[in-house]
Amino acid sequence: MKIDQQQIEDHNRNYTQRHEHRFESLADQLVKQDHPVEELIDHLAAFQVAIPSWALGAGGTRFGRFPIGGEPGNLEEKIADVGILHALNRSSGAISLHIPWDIPEDSAAVRELAEQHDLVFDAVNSNTFQDQEGQEHSYKFGSLCHTDQAVRQQAIDHNIEVIGYGKQLGSKALTVWLADGSNFPGQQNFQKALSNTQASLEQIYAALPADWEILIEYKPYEPNFYSMVIPDWGTSFLLANKLGDRAQTLVDLGHHLPNTNIEQIVATLLMEDKLGGFHFNDSKYGDDDLTTGTIKPYQLFLIFNELVQGTENPADLRQNIAWMIDASHNVKDPLEDLLQSVEAINQAYAKAMLVDRELLEEARNSNDPVLAQETLQDACQTDVRPLLREARIRNKAAADPLQLYRQLEVRNKLVEERGSETRATGL
């Protein structure tokens, strides 16, 4: 299925009257506050969040998975699904592939198909957290950290292979997330595991093209519950520093212990020029992979506040950081969930751009926490949805992407095309 421009124009035409009134009211308010409305709209229209290929099917837990029908059964169908999202919101113009779940058999044809949907390929992701069919060595006791050089070399070779696929597709970054760790005290030599990991990453780093980056992800627990080799941002930062300028830390919002001050981590990484990217999701307890902005929307705003404050201009923010969603969809239509997530991210970004920086700095310099809080909350409590709708309309996207998705009965049509028993690869 492909959404055509006429369907979007018809939807926007029906939306015009109520939107224009709300937008004009907000624009007038923002002008009085000395905000450059046209610039804000341009920045929002240009902001893109990559969609991961593994997020397009129904997710689940170890207790069960409930398929929804019409899931993409191959890479080509996944690209088509991201094309639907991008046609609706014009903010999802990139797809991030996971290898070996989504190996492009014909890279030229896959790249051409993506271009037809106005998509590019974001960071490619390796997988050493599970054994694949026909794999010679097991990752049961680790991959890049393993005590056996043969296992480490297998994991290194896989990452280099992933870089090769990424080069064919036009990607510019490799994301490495390691499940390596231990479940019991004494099981692993901490220093040797980290040393092995560093040495393995150095070989992968050496294989990077000159214009690529490696993004190192971290996680405090799971699948190992006593120790993880890269358990926190500090360890990722340490490794990135040792590797070189083209190694960066990747922040997954779910990969922190409860109540961690993620915005402070973001500020520190920005200051050190080591913030490579984000995996957006939300969590109540741990790595819940819930829809972005559903549990902690204020935290999401505070993170974007640091991002906007810590970069010289919005172009740097867009170009120097990899933005991607990483969520699971246990009971939702994945495409609806992704539309909601992108909207939440854009809202947080828009609100962060409305913060009165001069007033906030004045409050900080005069040690006035009340004024600082009021300044942030004044921006956060602004209803920026009319601003986002205006950016979408000017971008020839749907004023209300989720509403149009439902009006067009996209999921039902995907079920008709693909059947009710299809299952997304990798899940």
# chains A, B, ... in the order shown; residues from 1 in each chain; ligands from 1
$ select_by_dssp --residues "region 188-387 of chain A" --states "strand (DSSP E or B)" --output "list in words"
Glu213, Ile214, Leu215, Ile216, Glu217, Ser227, Met228, Ala247, Gln248, Thr249, Leu250, Val251, Asp252, Leu275, Gly276, Gly277, Phe278, His279, Phe280, Asp282, Leu290, Ala322, Trp323, Met324 and Ile325 of chain A
$ residues_around --residues "region 204-218 of chain A" --least-positions-apart "4" --cutoff "10 Å" --atoms "only C-alpha atoms" --output "PyMOL selection string"
chain A and resi 123-125+155-161+163-164+166-167+171-179+198-200+228-237+239-240+243-252+255-256+274-279+322
$ closest_residue --among "A:Phe304, A:Tyr165, A:Tyr226, A:Tyr298" --to "Ile103 (chain A)" --atoms "only C-alpha atoms"
A:Tyr165
$ closest_residue --among "A:Thr294, A:His86, A:Asn241, A:Gly254" --to "Leu269 (chain A)" --atoms "only C-alpha atoms"
A:Asn241
$ closest_residue --among "A:Leu144, A:Leu56, A:Leu339, A:Ala87" --to "Glu9 (chain A)" --atoms "only C-alpha atoms"
A:Ala87
$ closest_residue --among "A:Glu38, A:Glu272, A:Lys2, A:Ala46" --to "Asp81 (chain A)" --atoms "only C-alpha atoms"
A:Lys2
$ closest_residue --among "A:Asp273, A:Leu85, A:Phe190, A:Asn261" --to "Ser341 (chain A)" --atoms "only C-alpha atoms"
A:Leu85
$ closest_residue --among "A:Gln17, A:Gln403, A:Gln130, A:Gln116" --to "Trp101 (chain A)" --atoms "only C-alpha atoms"
A:Gln130
$ atom_distance --atom1 "CA of Leu238 (chain A)" --atom2 "CA of Gly181 (chain A)"
17.2 Å
